file data-v2.cif (mmCIF, C-alpha atoms)
data_entry
#
loop_
_atom_site.label_atom_id
_atom_site.label_comp_id
_atom_site.auth_asym_id
_atom_site.auth_seq_id
_atom_site.Cartn_x
_atom_site.Cartn_y
_atom_site.Cartn_z
CA MET B 1 105.06 -107.18 -150.58
CA LYS B 2 107.80 -105.04 -149.02
CA PRO B 3 110.95 -106.77 -147.70
CA GLU B 4 111.02 -107.41 -143.94
CA LYS B 5 113.85 -104.88 -143.35
CA GLU B 6 111.92 -102.13 -145.13
CA GLN B 7 108.76 -102.93 -143.17
CA ASN B 8 110.75 -102.79 -139.93
CA ILE B 9 112.21 -99.37 -140.81
CA GLU B 10 108.73 -98.04 -141.57
CA LYS B 11 107.50 -99.23 -138.16
CA GLN B 12 110.46 -97.52 -136.47
CA ILE B 13 109.81 -94.29 -138.41
CA LYS B 14 106.17 -94.40 -137.38
CA LYS B 15 107.17 -94.84 -133.74
CA HIS B 16 110.19 -92.58 -133.44
CA ILE B 17 109.45 -89.84 -136.02
CA TYR B 18 105.67 -89.63 -136.27
CA GLY B 19 104.87 -90.91 -132.79
CA LYS B 20 107.11 -88.42 -130.97
CA SER B 21 107.65 -84.69 -130.99
CA GLN B 22 110.64 -83.34 -132.92
CA SER B 23 112.87 -80.27 -132.81
CA ALA B 24 114.02 -78.16 -135.74
CA ILE B 25 116.20 -75.21 -136.69
CA VAL B 26 114.94 -72.44 -138.95
CA THR B 27 117.19 -69.94 -140.73
CA PHE B 28 116.12 -66.63 -142.27
CA PRO B 29 117.51 -63.58 -144.13
CA THR B 30 119.88 -61.64 -141.88
CA GLY B 31 118.03 -58.88 -140.06
CA PHE B 32 114.55 -60.43 -140.33
CA GLY B 33 114.49 -62.67 -137.25
CA SER B 34 111.33 -61.20 -135.70
CA THR B 35 109.50 -61.34 -139.06
CA ALA B 36 110.50 -64.99 -139.57
CA LEU B 37 109.52 -65.88 -136.00
CA GLN B 38 106.12 -64.28 -136.46
CA GLU B 39 105.54 -66.25 -139.67
CA VAL B 40 106.51 -69.57 -138.05
CA GLU B 41 104.24 -68.95 -135.06
CA GLU B 42 101.38 -67.86 -137.31
CA ILE B 43 101.60 -71.09 -139.32
CA LEU B 44 101.85 -73.25 -136.17
CA ASN B 45 98.84 -71.48 -134.64
CA ASN B 46 96.79 -72.00 -137.81
CA LEU B 47 97.83 -75.41 -139.08
CA TRP B 48 95.84 -77.04 -141.86
CA PHE B 49 96.80 -80.42 -140.39
CA LYS B 50 96.42 -80.02 -136.62
CA GLN B 51 99.08 -81.40 -134.28
CA LYS B 52 98.75 -82.71 -130.73
CA PHE B 53 101.83 -80.88 -129.45
CA ASN B 54 102.16 -77.33 -128.12
CA SER B 55 105.24 -76.10 -129.92
CA LYS B 56 107.71 -73.60 -128.53
CA CYS B 57 109.64 -71.23 -130.80
CA THR B 58 112.75 -69.39 -129.59
CA LEU B 59 114.52 -66.68 -131.60
CA LEU B 60 118.29 -67.11 -131.23
CA LYS B 61 121.01 -64.96 -132.77
CA ASN B 62 120.91 -66.30 -136.33
CA GLU B 63 118.20 -68.96 -136.20
CA ILE B 64 114.91 -70.02 -134.68
CA LEU B 65 114.65 -73.16 -132.54
CA ILE B 66 111.32 -74.99 -132.77
CA GLU B 67 110.75 -77.53 -129.99
CA ASN B 68 107.97 -80.06 -129.36
CA VAL B 69 106.67 -80.08 -132.92
CA HIS B 70 105.17 -82.83 -135.10
CA ILE B 71 106.93 -83.72 -138.34
CA PHE B 72 103.69 -82.96 -140.25
CA ALA B 73 103.74 -79.41 -138.85
CA LEU B 74 107.34 -78.99 -140.04
CA ASN B 75 106.25 -80.17 -143.48
CA GLU B 76 103.52 -77.51 -143.45
CA ILE B 77 105.96 -74.75 -142.49
CA LEU B 78 108.17 -75.93 -145.35
CA MET B 79 105.35 -75.67 -147.87
CA ARG B 80 103.72 -72.43 -146.70
CA SER B 81 106.65 -70.25 -145.63
CA LEU B 82 107.67 -67.16 -147.61
CA CYS B 83 110.12 -65.54 -145.18
CA LEU B 84 112.35 -68.52 -144.28
CA THR B 85 115.59 -69.68 -145.87
CA ASP B 86 115.98 -73.22 -144.56
CA LEU B 87 114.28 -75.69 -142.20
CA ARG B 88 116.45 -78.37 -140.61
CA LEU B 89 115.26 -81.35 -138.60
CA ILE B 90 117.43 -81.93 -135.53
CA LEU B 91 118.66 -85.54 -135.53
CA LEU B 92 120.79 -85.41 -132.41
CA GLU B 93 121.74 -83.14 -129.50
CA GLU B 94 124.42 -84.52 -127.18
CA LYS B 95 127.59 -83.57 -125.32
CA ALA B 96 130.62 -84.63 -127.36
CA VAL B 97 134.10 -84.13 -125.92
CA GLY B 98 136.71 -85.04 -128.52
CA LYS B 99 136.63 -86.84 -131.85
CA GLU B 100 135.84 -90.28 -130.44
CA ALA B 101 132.68 -89.01 -128.76
CA PHE B 102 131.76 -87.14 -131.96
CA ALA B 103 132.12 -90.33 -134.02
CA LYS B 104 130.19 -92.44 -131.50
CA HIS B 105 127.21 -90.06 -131.43
CA CYS B 106 127.10 -89.71 -135.21
CA GLN B 107 127.17 -93.50 -135.64
CA SER B 108 124.21 -93.80 -133.23
CA ILE B 109 121.87 -91.81 -135.50
CA ALA B 110 119.27 -93.93 -137.30
CA TRP B 111 120.36 -92.78 -140.74
CA ASP B 112 117.96 -95.19 -142.48
CA TYR B 113 115.11 -92.90 -141.39
CA TYR B 114 116.54 -89.95 -143.29
CA LEU B 115 118.84 -91.09 -146.11
CA GLN B 116 118.61 -93.49 -149.01
CA LYS B 117 120.98 -94.64 -151.72
CA SER B 118 119.67 -92.30 -154.42
CA MET B 119 120.45 -89.14 -152.41
CA SER B 120 123.56 -86.99 -152.66
CA LEU B 121 124.67 -85.10 -149.58
CA LYS B 122 126.71 -82.05 -148.68
CA VAL B 123 128.25 -82.16 -145.20
CA LYS B 124 128.85 -78.91 -143.30
CA VAL B 125 130.74 -78.88 -140.00
CA ASP B 126 131.12 -75.91 -137.67
CA SER B 127 133.24 -76.29 -134.52
CA VAL B 128 133.63 -73.43 -132.03
CA ALA B 129 135.36 -73.59 -128.64
CA SER B 130 135.42 -77.38 -128.82
CA LYS B 131 138.15 -79.93 -128.07
CA ALA B 132 137.26 -81.69 -131.32
CA PHE B 133 138.14 -78.53 -133.19
CA HIS B 134 139.50 -79.73 -136.56
CA GLU B 135 136.52 -79.25 -138.85
CA SER B 136 138.12 -81.05 -141.79
CA GLY B 137 138.80 -84.07 -139.57
CA LEU B 138 135.23 -84.11 -138.27
CA LYS B 139 133.91 -83.88 -141.81
CA GLU B 140 136.05 -86.88 -142.76
CA ILE B 141 134.62 -88.87 -139.83
CA LEU B 142 131.09 -88.06 -140.95
CA ALA B 143 131.91 -88.91 -144.57
CA ASN B 144 133.16 -92.37 -143.54
CA ILE B 145 129.99 -93.01 -141.51
CA LEU B 146 127.71 -91.88 -144.34
CA LYS B 147 129.49 -93.21 -147.44
CA ASP B 148 127.32 -96.34 -147.61
CA LYS B 149 124.11 -94.51 -146.69
CA CYS B 150 123.81 -92.30 -149.77
CA LEU B 151 124.84 -92.04 -153.42
CA GLU B 152 127.68 -89.58 -152.87
CA ILE B 153 128.98 -86.84 -150.62
CA VAL B 154 129.72 -83.66 -152.54
CA SER B 155 131.73 -80.57 -151.62
CA GLY B 156 132.57 -77.18 -153.07
CA GLU B 157 130.49 -74.61 -154.93
CA ASN B 158 127.88 -75.18 -157.67
CA THR B 159 127.08 -78.72 -156.52
CA ASN B 160 123.70 -80.32 -157.01
CA GLU B 161 123.19 -82.16 -153.72
CA THR B 162 119.82 -83.54 -152.64
CA THR B 163 120.22 -81.94 -149.23
CA ALA B 164 122.76 -80.78 -146.63
CA LEU B 165 123.73 -82.24 -143.26
CA TYR B 166 124.95 -79.90 -140.53
CA ALA B 167 127.14 -80.87 -137.57
CA GLN B 168 127.61 -77.98 -135.14
CA LEU B 169 129.90 -78.20 -132.12
CA TYR B 170 129.80 -75.37 -129.61
CA LYS B 171 131.64 -75.83 -126.31
CA ASP B 172 131.41 -79.59 -126.77
CA LYS B 173 127.65 -79.57 -127.37
CA LEU B 174 126.94 -81.42 -130.61
CA THR B 175 123.87 -80.69 -132.75
CA VAL B 176 123.33 -82.67 -135.95
CA SER B 177 120.57 -81.45 -138.28
CA LEU B 178 119.38 -82.22 -141.80
CA SER B 179 117.77 -79.78 -144.24
CA LEU B 180 114.24 -80.79 -145.18
CA CYS B 181 114.34 -78.24 -148.01
CA GLY B 182 117.36 -79.23 -150.08
CA GLN B 183 117.44 -76.12 -152.27
CA PRO B 184 116.97 -72.99 -150.11
CA LEU B 185 113.34 -71.99 -149.70
CA TYR B 186 113.88 -68.69 -151.50
CA LYS B 187 114.47 -70.65 -154.70
CA ARG B 188 110.78 -70.72 -155.59
CA GLY B 189 111.44 -71.85 -159.15
CA TYR B 190 110.00 -68.90 -161.05
CA ARG B 191 113.21 -66.92 -161.47
CA GLY B 192 115.27 -67.76 -164.54
CA THR B 193 118.05 -65.47 -165.74
CA LEU B 194 119.48 -63.32 -162.96
CA SER B 195 120.64 -59.83 -163.85
CA ALA B 196 124.12 -58.65 -162.97
CA SER B 197 122.64 -56.24 -160.45
CA ALA B 198 122.55 -58.66 -157.48
CA PRO B 199 118.74 -58.91 -157.25
CA LEU B 200 117.06 -59.10 -153.88
CA ARG B 201 116.52 -62.65 -152.66
CA GLU B 202 112.92 -63.85 -152.62
CA ASP B 203 112.80 -64.53 -148.87
CA ALA B 204 114.15 -61.05 -148.09
CA ALA B 205 111.67 -59.48 -150.53
CA ALA B 206 108.82 -61.35 -148.83
CA CYS B 207 110.01 -60.07 -145.44
CA THR B 208 110.09 -56.43 -146.62
CA ILE B 209 106.55 -56.75 -148.02
CA THR B 210 105.30 -58.35 -144.79
CA LYS B 211 106.81 -55.56 -142.68
CA ALA B 212 105.38 -52.87 -144.98
CA PHE B 213 101.83 -54.16 -144.54
CA GLN B 214 102.31 -54.47 -140.78
CA PHE B 215 103.43 -50.83 -140.75
CA LEU B 216 100.39 -49.89 -142.84
CA GLN B 217 98.03 -51.55 -140.36
CA LYS B 218 99.39 -49.35 -137.59
CA HIS B 219 98.16 -46.25 -139.42
CA LYS B 220 95.28 -47.20 -141.76
CA GLN B 221 93.65 -50.44 -140.70
CA ASP B 222 91.39 -51.02 -143.70
CA LEU B 223 93.57 -49.72 -146.54
CA LYS B 224 94.11 -52.12 -149.46
CA ALA B 225 96.22 -51.67 -152.60
CA GLN B 226 94.57 -51.65 -155.99
CA THR B 227 97.90 -51.11 -157.75
CA LEU B 228 101.39 -52.46 -157.21
CA MET B 229 103.72 -49.84 -158.73
CA LEU B 230 107.21 -51.17 -159.41
CA PRO B 231 109.80 -48.55 -160.35
CA PHE B 232 113.21 -50.17 -160.93
CA SER B 233 111.23 -53.39 -161.37
CA GLY B 234 114.37 -55.34 -162.29
CA THR B 235 113.73 -59.09 -162.51
CA GLY B 236 110.28 -58.63 -160.93
CA THR B 237 110.81 -60.28 -157.55
CA PHE B 238 108.53 -57.82 -155.74
CA ALA B 239 105.68 -58.54 -158.18
CA PHE B 240 105.77 -62.29 -157.61
CA GLU B 241 106.35 -62.11 -153.85
CA TYR B 242 103.50 -59.60 -153.51
CA LEU B 243 101.09 -61.99 -155.22
CA LEU B 244 102.24 -64.96 -153.12
CA SER B 245 101.94 -63.09 -149.80
CA GLN B 246 98.88 -60.89 -150.33
CA LEU B 247 96.84 -63.56 -152.11
CA ALA B 248 97.92 -66.40 -149.78
CA HIS B 249 99.29 -68.44 -152.67
CA ALA B 250 101.62 -70.90 -150.92
CA PRO B 251 105.01 -71.35 -152.66
CA CYS B 252 104.52 -75.15 -152.70
CA LEU B 253 101.94 -74.51 -155.45
CA LEU B 254 104.79 -73.42 -157.74
CA ASN B 255 105.72 -77.10 -158.15
CA ARG B 256 109.15 -77.05 -156.59
CA GLU B 257 110.57 -80.17 -154.93
CA TYR B 258 111.73 -80.51 -151.33
CA ALA B 259 114.42 -82.82 -149.99
CA ILE B 260 111.94 -84.40 -147.56
CA GLN B 261 110.11 -85.90 -150.55
CA LYS B 262 113.14 -88.15 -151.18
CA MET B 263 113.63 -89.25 -147.57
CA PRO B 264 112.43 -92.63 -146.17
CA LEU B 265 110.38 -90.73 -143.54
CA PHE B 266 108.32 -88.92 -146.23
CA ARG B 267 104.55 -89.48 -146.20
CA LYS B 268 103.00 -88.70 -149.58
CA GLU B 269 99.43 -88.70 -148.22
CA ASN B 270 100.18 -85.81 -145.87
CA PHE B 271 101.99 -83.87 -148.60
CA SER B 272 99.05 -84.32 -151.01
CA PHE B 273 96.62 -83.20 -148.30
CA LEU B 274 98.63 -80.01 -147.72
CA LEU B 275 98.79 -79.28 -151.45
CA LYS B 276 95.00 -79.61 -151.60
CA LYS B 277 94.63 -77.22 -148.65
CA ALA B 278 97.06 -74.76 -150.24
CA ASN B 279 94.85 -74.66 -153.34
CA GLU B 280 91.75 -74.10 -151.20
CA PHE B 281 93.29 -71.20 -149.28
CA SER B 282 94.83 -69.45 -152.30
CA LYS B 283 93.06 -66.25 -153.33
CA LEU B 284 94.86 -65.92 -156.65
CA ASN B 285 91.62 -66.80 -158.44
CA LEU B 286 90.18 -63.51 -157.09
CA LEU B 287 92.80 -61.48 -158.94
CA ASN B 288 91.11 -58.82 -161.08
CA SER B 289 87.64 -59.91 -160.01
CA LEU B 290 84.89 -57.29 -159.74
CA ASP B 291 85.53 -57.11 -156.00
CA ASN B 292 89.30 -56.97 -156.38
CA PRO B 293 90.43 -54.90 -159.39
CA PHE B 294 94.21 -54.94 -159.41
CA HIS B 295 97.09 -53.69 -161.57
CA ILE B 296 100.82 -54.30 -161.59
CA LEU B 297 102.52 -51.23 -163.04
CA SER B 298 106.16 -52.07 -163.85
CA ILE B 299 108.61 -49.32 -164.78
CA ASP B 300 112.25 -49.84 -165.73
CA ASN B 301 114.44 -48.40 -168.48
CA ALA B 302 117.08 -51.15 -168.17
CA LYS B 303 116.59 -53.44 -171.18
CA GLN B 304 118.56 -56.34 -169.69
CA ALA B 305 116.46 -56.31 -166.49
CA ASN B 306 113.24 -56.02 -168.51
CA ALA B 307 114.17 -59.05 -170.59
CA ALA B 308 114.80 -61.06 -167.41
CA PHE B 309 111.51 -59.87 -165.90
CA LEU B 310 109.57 -60.93 -169.00
CA GLU B 311 111.22 -64.35 -168.83
CA ASN B 312 110.26 -64.66 -165.16
CA ILE B 313 106.66 -63.62 -165.91
CA GLU B 314 106.48 -66.52 -168.34
CA ASN B 315 108.09 -68.88 -165.80
CA PHE B 316 105.65 -67.84 -163.07
CA LYS B 317 102.67 -68.14 -165.42
CA ASN B 318 103.67 -71.66 -166.44
CA LYS B 319 103.72 -72.74 -162.78
CA LEU B 320 100.09 -71.72 -162.31
CA ASP B 321 96.97 -73.74 -163.07
CA ASN B 322 95.58 -72.99 -166.53
CA SER B 323 92.58 -71.24 -164.99
CA LEU B 324 94.87 -68.73 -163.23
CA GLN B 325 97.28 -67.94 -166.05
CA GLU B 326 95.12 -65.38 -167.86
CA LEU B 327 94.15 -63.65 -164.59
CA PHE B 328 97.84 -63.28 -163.78
CA ILE B 329 98.87 -61.96 -167.20
CA ASN B 330 95.95 -59.50 -167.32
CA SER B 331 96.99 -57.98 -163.99
CA PHE B 332 99.89 -56.17 -165.71
CA TYR B 333 99.07 -52.59 -166.68
CA LYS B 334 99.27 -51.89 -170.40
CA SER B 335 99.19 -48.31 -171.69
CA ASN B 336 96.99 -47.27 -174.61
CA SER B 337 100.05 -46.81 -176.79
CA SER B 338 101.72 -50.09 -175.92
CA ASN B 339 100.81 -53.70 -175.14
CA GLU B 340 104.02 -54.25 -173.18
CA LYS B 341 103.89 -55.47 -169.58
CA ILE B 342 106.74 -53.09 -168.60
CA LEU B 343 106.91 -49.34 -169.17
CA CYS B 344 110.43 -48.87 -170.47
CA GLU B 345 110.79 -45.35 -169.04
CA ASN B 346 112.86 -43.39 -166.56
CA PHE B 347 110.85 -43.37 -163.33
CA LEU B 348 112.16 -39.92 -162.37
CA LYS B 349 110.77 -38.47 -165.62
CA LEU B 350 107.46 -40.33 -165.51
CA ASN B 351 104.38 -38.26 -166.40
CA ILE B 352 102.10 -39.07 -163.49
CA ASP B 353 99.20 -36.92 -164.74
CA GLU B 354 99.12 -38.81 -168.03
CA LEU B 355 99.12 -42.16 -166.24
CA LEU B 356 96.27 -41.13 -163.95
CA GLN B 357 94.21 -39.94 -166.90
CA ASN B 358 94.51 -43.34 -168.59
CA ALA B 359 93.65 -45.46 -165.54
CA ASN B 360 92.27 -45.28 -162.03
CA PHE B 361 95.02 -46.80 -159.91
CA GLY B 362 93.29 -46.39 -156.56
CA ASN B 363 95.53 -47.01 -153.56
CA VAL B 364 99.13 -47.72 -154.59
CA PHE B 365 101.76 -49.93 -152.95
CA LEU B 366 105.23 -48.73 -153.95
CA PRO B 367 108.27 -50.93 -153.10
CA LEU B 368 111.48 -49.26 -154.26
CA ASN B 369 114.77 -51.07 -154.79
CA PRO B 370 116.96 -48.76 -156.91
CA PRO B 371 119.56 -50.34 -159.22
CA TYR B 372 122.39 -51.99 -157.34
CA GLY B 373 125.04 -50.00 -159.21
CA ILE B 374 123.51 -46.77 -157.94
CA ARG B 375 123.33 -48.17 -154.41
CA LEU B 376 127.05 -48.92 -154.67
CA ASN B 377 127.53 -45.30 -155.72
CA ASP B 378 129.36 -46.06 -158.97
CA LYS B 379 126.83 -44.29 -161.20
CA GLY B 380 126.96 -40.77 -159.92
CA ASN B 381 125.94 -39.24 -156.60
CA SER B 382 123.59 -41.64 -154.82
CA THR B 383 122.54 -38.97 -152.30
CA VAL B 384 121.26 -36.72 -155.08
CA PHE B 385 119.64 -39.70 -156.75
CA TYR B 386 117.77 -40.73 -153.59
CA ALA B 387 116.65 -37.13 -153.04
CA ASN B 388 115.22 -37.12 -156.57
CA VAL B 389 113.46 -40.41 -155.92
CA GLY B 390 112.00 -38.90 -152.74
CA LYS B 391 110.71 -35.89 -154.67
CA LYS B 392 109.09 -38.16 -157.26
CA VAL B 393 107.45 -40.28 -154.57
CA SER B 394 106.13 -37.14 -152.87
CA GLU B 395 104.74 -35.96 -156.21
CA ILE B 396 102.92 -39.27 -156.76
CA ARG B 397 101.65 -39.18 -153.18
CA ALA B 398 100.18 -35.68 -153.68
CA LYS B 399 98.56 -36.56 -157.02
CA LEU B 400 96.94 -39.68 -155.57
CA LYS B 401 95.73 -37.75 -152.54
CA ASN B 402 93.94 -35.34 -154.88
CA ASN B 403 92.17 -38.39 -156.33
CA ASN B 404 91.18 -39.59 -152.82
CA SER B 405 93.73 -42.43 -153.01
CA HIS B 406 96.69 -43.33 -150.82
CA LEU B 407 100.34 -44.24 -151.38
CA PHE B 408 102.35 -46.52 -149.11
CA GLY B 409 105.54 -48.54 -149.52
CA PHE B 410 109.26 -48.55 -148.75
CA ILE B 411 112.68 -47.86 -150.20
CA LEU B 412 116.00 -49.68 -149.76
CA CYS B 413 118.84 -47.25 -148.95
CA PRO B 414 122.56 -48.18 -148.85
CA SER B 415 123.78 -45.48 -146.47
CA GLU B 416 122.69 -42.98 -143.85
CA ASP B 417 123.21 -40.13 -146.35
CA SER B 418 120.96 -41.66 -149.03
CA TRP B 419 118.37 -42.55 -146.40
CA SER B 420 118.44 -39.02 -145.01
CA ALA B 421 118.18 -37.48 -148.50
CA PHE B 422 115.07 -39.54 -149.24
CA CYS B 423 113.40 -38.91 -145.86
CA LYS B 424 113.83 -35.12 -146.12
CA CYS B 425 111.63 -35.15 -149.23
CA MET B 426 108.82 -37.12 -147.54
CA ARG B 427 107.30 -34.29 -145.51
CA GLY B 428 103.92 -35.12 -144.03
CA ALA B 429 104.35 -38.89 -144.40
CA GLU B 430 104.57 -41.35 -141.53
CA LEU B 431 108.04 -42.97 -141.67
CA GLU B 432 109.73 -45.91 -139.96
CA THR B 433 113.19 -47.39 -140.60
CA TYR B 434 114.80 -50.78 -140.00
CA HIS B 435 118.00 -52.50 -141.19
CA PHE B 436 118.90 -55.78 -142.87
CA THR B 437 121.93 -57.19 -144.70
CA GLN B 438 121.99 -57.70 -148.47
CA GLY B 439 125.10 -58.81 -150.33
CA GLY B 440 127.28 -57.83 -147.37
CA MET B 441 125.78 -54.33 -147.28
CA ASP B 442 123.83 -52.80 -144.40
CA ILE B 443 120.56 -51.73 -146.01
CA ARG B 444 118.28 -49.16 -144.40
CA VAL B 445 114.63 -49.71 -145.26
CA CYS B 446 112.45 -46.62 -144.94
CA MET B 447 108.74 -47.43 -144.86
CA PHE B 448 106.22 -44.67 -145.58
CA VAL B 449 102.47 -44.14 -145.54
#

call {"tool": "encode", "arguments": {"input": "data-v2.cif", "output": "structure tokens"}}
result
Amino acid sequence: MKPEKEQNIEKQIKKHIYGKSQSAIVTFPTGFGSTALQEVEEILNNLWFKQKFNSKCTLLKNEILIENVHIFALNEILMRSLCLTDLRLILLEEKAVGKEAFAKHCQSIAWDYYLQKSMSLKVKVDSVASKAFHESGLKEILANILKDKCLEIVSGENTNETTALYAQLYKDKLTVSLSLCGQPLYKRGYRGTLSASAPLREDAAACTITKAFQFLQKHKQDLKAQTLMLPFSGTGTFAFEYLLSQLAHAPCLLNREYAIQKMPLFRKENFSFLLKKANEFSKLNLLNSLDNPFHILSIDNAKQANAAFLENIENFKNKLDNSLQELFINSFYKSNSSNEKILCENFLKLNIDELLQNANFGNVFLPLNPPYGIRLNDKGNSTVFYANVGKKVSEIRAKLKNNNSHLFGFILCPSEDSWSAFCKCMRGAELETYHFTQGGMDIRVCMFV
């Protein structure tokens, strides 16, 4: 039998957490606010575990505010989202003028709902235009309040905290929130060794894929890809994110842990129900079926990147059910002369006619993320390089058109000149451009169909 104190806390959690609506903060890759908002609203409008509240989502400058939402719905967003970075439950929103008010409000939070002794915590304080402006002092106040509520409070880089607590003061309005994720949501768990080429984050990759298919629907409603062609395939992020998004394979099925699973408020029954639903809705078992023939054609002449990709393929495979592993591995195109999952060739010199003779690729989705060194312009003239990529894409587009197939996709460009050089070579294609930030760089994404 559970101790009386523990039983009392569970009753309070049931009343104050599960019996009332909550509010939360969502963060996303910079530049993808509308895409993230659309994903959140789509999940809330199609919940596997229905809620009794009508939630409201508001896109702010760098985050999304979700109001009037059930904690089960937040758990579902956590488990299904591809485009989000973090999901934080709001613990408190109050006016706090000065350090004494800050301390009083923080002490009033029912920490026993959220923290337990086995958890380690990172505390992040942001104070703007506030009278309690010394962030280090505010962090020390929080640390003193929390020191007996958790195992330890960590700081600095490369820490291994269970989760992070955020205290944000803006013009004396205090918001305290706690990450339900722990590790950022883009850390799916399939990526092992990272190359030195600053690979695209998984959440940003998922956003670019989502936007590409939305762009496609504007022009060809019923067009589906039979082949995912990956020039500059790098560590393979686009391959994995494509499968997760297009086959509705929720990232929670990759067996990663979330911070909420270690919190006193966690309800295992709900989590298990959502995992079961995720399995039911996944279409990964249709991969390479008679109705859905599909190839992943990976092309990269960088041996280091290829080695990392092969490692990630193995990681991803091992996170799938046994029944899905062979379907996944067999989706990679293998040429007659080689059994390798990656064509170790220069994309710009690729013999398209020879490839088309060996296989019927059908409609091709082509996401292009050229090597980071070239995007930084330290390996020759990036403008010339992007023009050559554009010419190659146009060549593939023409060859596929002759075979009654279509090409669609996008390219990441680091500058207006490289973007312009690529676009000039895409005569006859429908184009649309948007921007996002990657590694401090303003990236132009040119979508084409």

call {"tool": "resolve_selection", "arguments": {"input": "data-v2.cif", "expression": "the PyMOL selection byres ((chain B and resi 312-315) around 9)", "output": "VMD selection string"}}
result
chain B and resid 189 to 193 235 to 237 240 307 to 311 316 to 319 329

call {"tool": "resolve_selection", "arguments": {"input": "data-v2.cif", "expression": "the PyMOL selection byres ((chain B and resi 212-216) around 7)", "output": "list of chain:residue names"}}
result
B:Thr208, B:Ile209, B:Thr210, B:Lys211, B:Gln217, B:Lys218, B:His219, B:Lys220, B:Gly409, B:Phe410, B:Met447, B:Val449

call {"tool": "atom_distance", "arguments": {"input": "data-v2.cif", "atom1": "CA of Arg427 (chain B)", "atom2": "CA of Asn363 (chain B)"}}
result
19.1 Å

call {"tool": "atom_distance", "arguments": {"input": "data-v2.cif", "atom1": "CA of Tyr333 (chain B)", "atom2": "CA of Asn279 (chain B)"}}
result
26.1 Å

call {"tool": "resolve_selection", "arguments": {"input": "data-v2.cif", "expression": "the PyMOL selection byres ((chain B and resi 425) around 8)", "output": "ChimeraX atom specification"}}
result
/B:387,390-391,394,421-424,426-427

call {"tool": "residues_near_point", "arguments": {"input": "data-v2.cif", "point": "(121.5, -53.9, -144.0)", "cutoff": "10 Å", "atoms": "only C-alpha atoms", "output": "PyMOL selection string"}}
result
chain B and resi 30-31+412-415+434-445

call {"tool": "residues_around", "arguments": {"input": "data-v2.cif", "residues": "region 201-206 of chain B", "least_positions_apart": "2", "cutoff": "8 Å", "atoms": "all atoms listed in the file", "output": "ChimeraX atom specification"}}
result
/B:28-29,32,82-85,185-188,199,208-210,237-238,241-242,245

call {"tool": "write_last_selection", "arguments": {"input": "data-v2.cif", "atoms": "C-alpha atoms", "output": "compact mmCIF listing (two decimals), in the frame of the given file"}}
result
# COMPACT_ATOMS: atom_id res chain seq x y z
CA PHE B 28 116.12 -66.63 -142.27
CA PRO B 29 117.51 -63.58 -144.13
CA PHE B 32 114.55 -60.43 -140.33
CA LEU B 82 107.67 -67.16 -147.61
CA CYS B 83 110.12 -65.54 -145.18
CA LEU B 84 112.35 -68.52 -144.28
CA THR B 85 115.59 -69.68 -145.87
CA LEU B 185 113.34 -71.99 -149.70
CA TYR B 186 113.88 -68.69 -151.50
CA LYS B 187 114.47 -70.65 -154.70
CA ARG B 188 110.78 -70.72 -155.59
CA PRO B 199 118.74 -58.91 -157.25
CA THR B 208 110.09 -56.43 -146.62
CA ILE B 209 106.55 -56.75 -148.02
CA THR B 210 105.30 -58.35 -144.79
CA THR B 237 110.81 -60.28 -157.55
CA PHE B 238 108.53 -57.82 -155.74
CA GLU B 241 106.35 -62.11 -153.85
CA TYR B 242 103.50 -59.60 -153.51
CA SER B 245 101.94 -63.09 -149.80

call {"tool": "atom_distance", "arguments": {"input": "data-v2.cif", "atom1": "CA of Asn160 (chain B)", "atom2": "CA of Glu257 (chain B)"}}
result
13.3 Å

call {"tool": "residues_around", "arguments": {"input": "data-v2.cif", "residues": "region 92-98 of chain B", "least_positions_apart": "6", "cutoff": "9 Å", "atoms": "all atoms listed in the file", "output": "JSON, numbers by chain"}}
result
{"B": [104, 105, 106, 109, 130, 131, 132, 133, 169, 171, 172, 173, 174, 175, 176, 177]}

call {"tool": "closest_residue", "arguments": {"input": "data-v2.cif", "among": "B:Cys207, B:Met119, B:Leu284, B:Ala305", "to": "Leu320 (chain B)", "atoms": "only C-alpha atoms"}}
result
B:Leu284

call {"tool": "residues_around", "arguments": {"input": "data-v2.cif", "residues": "Phe408 (chain B)", "least_positions_apart": "2", "cutoff": "7 Å", "atoms": "all atoms listed in the file", "output": "PDB file with C-alpha atoms, in the coordinates of the input"}}
result
ATOM      1  CA  VAL B 364      99.130 -47.720-154.590  1.00  0.00           C
ATOM      2  CA  PHE B 365     101.760 -49.930-152.950  1.00  0.00           C
ATOM      3  CA  LEU B 366     105.230 -48.730-153.950  1.00  0.00           C
ATOM      4  CA  HIS B 406      96.690 -43.330-150.820  1.00  0.00           C
ATOM      5  CA  PHE B 448     106.220 -44.670-145.580  1.00  0.00           C
ATOM      6  CA  VAL B 449     102.470 -44.140-145.540  1.00  0.00           C
TER       7      VAL B 449
END

call {"tool": "closest_residue", "arguments": {"input": "data-v2.cif", "among": "B:Cys446, B:Leu115, B:Ile66, B:Cys57", "to": "Leu265 (chain B)", "atoms": "all atoms listed in the file"}}
result
B:Leu115

call {"tool": "axis_aligned_box", "arguments": {"input": "data-v2.cif", "around": "region 86-98 of chain B", "padding_each_side": "6 Å", "output": "AutoDock Vina command-line options"}}
result
--center_x 125.5 --center_y -79.4 --center_z -134.9 --size_x 34.4 --size_y 24.3 --size_z 31.2

call {"tool": "residues_around", "arguments": {"input": "data-v2.cif", "residues": "Leu247 (chain B)", "least_positions_apart": "6", "cutoff": "10 Å", "atoms": "only C-alpha atoms", "output": "list of chain:residue names"}}
result
B:Glu241, B:Phe281, B:Ser282, B:Lys283, B:Leu284, B:Asn285, B:Leu286, B:Leu287
